[in-house]
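Peer 1: Have a look at this one.
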Amino acid sequence: MRVVAARFLVRDAGAVAHLWPFFDLVVTTPTLTLRIPTDEQLVQLTDVIRDGIHAPEWMPFDDPPWTDEPTPERERSWLVRQWAARTTLRPDQWRLRFAVFDARGEPLGMQDMFATTFPALRTVGTYSWLGRLHQGRGIGKEMRSAVLHLAFSCFGAARAESSAFEDNLGSAGVSRSLGYMENGFEWGLRRGQPERLTRFVLSEEDWRRTARGDITTEGVEPCAVVLGLSHNAG
């Protein structure tokens, strides 16, 4: 019998990053590092989710209320959503999901930035969560500052938008502290019930008034090419 040896194609991490450069996209502040997480880092974040993101009796997010799922279904379904998101990055609609790490490399939560038809609208939105053990320490403001730097300084955004339920004082406080202005309200569903969300908007001009010089980025240009964006700075 003739035996045919199997051939295996081995790729190193550099080759993977060349084909899917988002693993090399990093935003750094003096206290935090934001990066698109690998599978190993996603598993680290499930420990943060298991420890809890908010009090059970209160829901800061609109539907579907993923944090209401019991463990381990909550962590498992969250992992599936993160994997699925990798396949939906395209120029007309994208969402960058950054894992947030402290100076010791410990995972704290996630900070997303997303856009639709960005070349025309030049507008980004944000979404984030932090483990309960890490809240109330200014981390939410620091990680939002990081992605705003990426949006305005590197991608050429003209506006950043955010929204929060009226009782989500933490999220609204972060927006106001970074110069966002209130911009009306909209309705969202929270655990199946209609609730008002306050809208906030931050213009490039207002952002530049308080823009920081201590936030740096790596790996922006290859990602900007994939997303069809204009890379302004590094």
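Ordering of the structure tokens sets the chain letters (A, B, ...), residue numbers begin anew at 1 in every chain, and ligands are numbered from 1 in the order given.
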Using only C-alpha atoms, what table do you get, as JSON lines, when you list each residue of segment 135-219 of chain A with an atom no more than 12 Å from segment 49-69 of chain A, its nearest pair of atoms, and their distance in Å rounded to one decimal, rows by chain then rising number?
Peer 2:
```
{"residue": "A:Gln135", "atom": "CA", "partner": "A:Ile53", "partner_atom": "CA", "distance": 9.0}
{"residue": "A:Ser163", "atom": "CA", "partner": "A:Phe61", "partner_atom": "CA", "distance": 10.3}
{"residue": "A:Ala164", "atom": "CA", "partner": "A:Pro60", "partner_atom": "CA", "distance": 7.7}
{"residue": "A:Phe165", "atom": "CA", "partner": "A:Pro60", "partner_atom": "CA", "distance": 6.8}
{"residue": "A:Glu166", "atom": "CA", "partner": "A:Pro60", "partner_atom": "CA", "distance": 9.6}
{"residue": "A:Asp167", "atom": "CA", "partner": "A:Pro60", "partner_atom": "CA", "distance": 8.2}
{"residue": "A:Asn168", "atom": "CA", "partner": "A:Pro60", "partner_atom": "CA", "distance": 6.2}
{"residue": "A:Leu169", "atom": "CA", "partner": "A:Pro60", "partner_atom": "CA", "distance": 9.7}
{"residue": "A:Gly170", "atom": "CA", "partner": "A:Pro60", "partner_atom": "CA", "distance": 9.7}
{"residue": "A:Ser171", "atom": "CA", "partner": "A:Pro60", "partner_atom": "CA", "distance": 8.9}
{"residue": "A:Ala172", "atom": "CA", "partner": "A:Pro60", "partner_atom": "CA", "distance": 11.2}
{"residue": "A:Glu186", "atom": "CA", "partner": "A:Asp62", "partner_atom": "CA", "distance": 11.8}
{"residue": "A:Trp187", "atom": "CA", "partner": "A:Asp62", "partner_atom": "CA", "distance": 9.8}
{"residue": "A:Gly188", "atom": "CA", "partner": "A:Asp62", "partner_atom": "CA", "distance": 6.2}
{"residue": "A:Leu189", "atom": "CA", "partner": "A:Asp62", "partner_atom": "CA", "distance": 5.5}
{"residue": "A:Arg190", "atom": "CA", "partner": "A:Asp62", "partner_atom": "CA", "distance": 4.8}
{"residue": "A:Arg191", "atom": "CA", "partner": "A:Asp63", "partner_atom": "CA", "distance": 6.2}
{"residue": "A:Gly192", "atom": "CA", "partner": "A:Asp63", "partner_atom": "CA", "distance": 7.1}
{"residue": "A:Gln193", "atom": "CA", "partner": "A:Asp63", "partner_atom": "CA", "distance": 9.2}
{"residue": "A:Pro194", "atom": "CA", "partner": "A:Asp62", "partner_atom": "CA", "distance": 9.5}
{"residue": "A:Glu195", "atom": "CA", "partner": "A:Asp62", "partner_atom": "CA", "distance": 8.9}
{"residue": "A:Arg196", "atom": "CA", "partner": "A:Asp62", "partner_atom": "CA", "distance": 10.4}
{"residue": "A:Leu197", "atom": "CA", "partner": "A:Asp62", "partner_atom": "CA", "distance": 9.4}
```
Peer 1: Pick the closest to Val226 of chain A from A:Asp47, A:Asp92, A:Asp214, A:Glu182: which is it, counting only C-alpha atoms?
Peer 2: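 Checking each of A:Asp47, A:Asp92, A:Asp214, A:Glu182 against Val226 of chain A, counting only C-alpha atoms, the winner is A:Asp92.
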Peer 1: Might you pull out every residue within 12 Å of Val225 of chain A, with only C-alpha atoms counted and same-chain residues fewer than 2 positions away left off, and present them as number ranges by chain?
Peer 2: A: 18-22, 89-91, 155, 219-223, 227-232
Peer 1: Between A:Arg212, A:His149, A:Arg159, A:Arg35, which has the minimum distance to Gly109 of chain A (counting only C-alpha atoms)?
Peer 2: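 With only C-alpha atoms as the atom set, the closest residue is A:Arg35.
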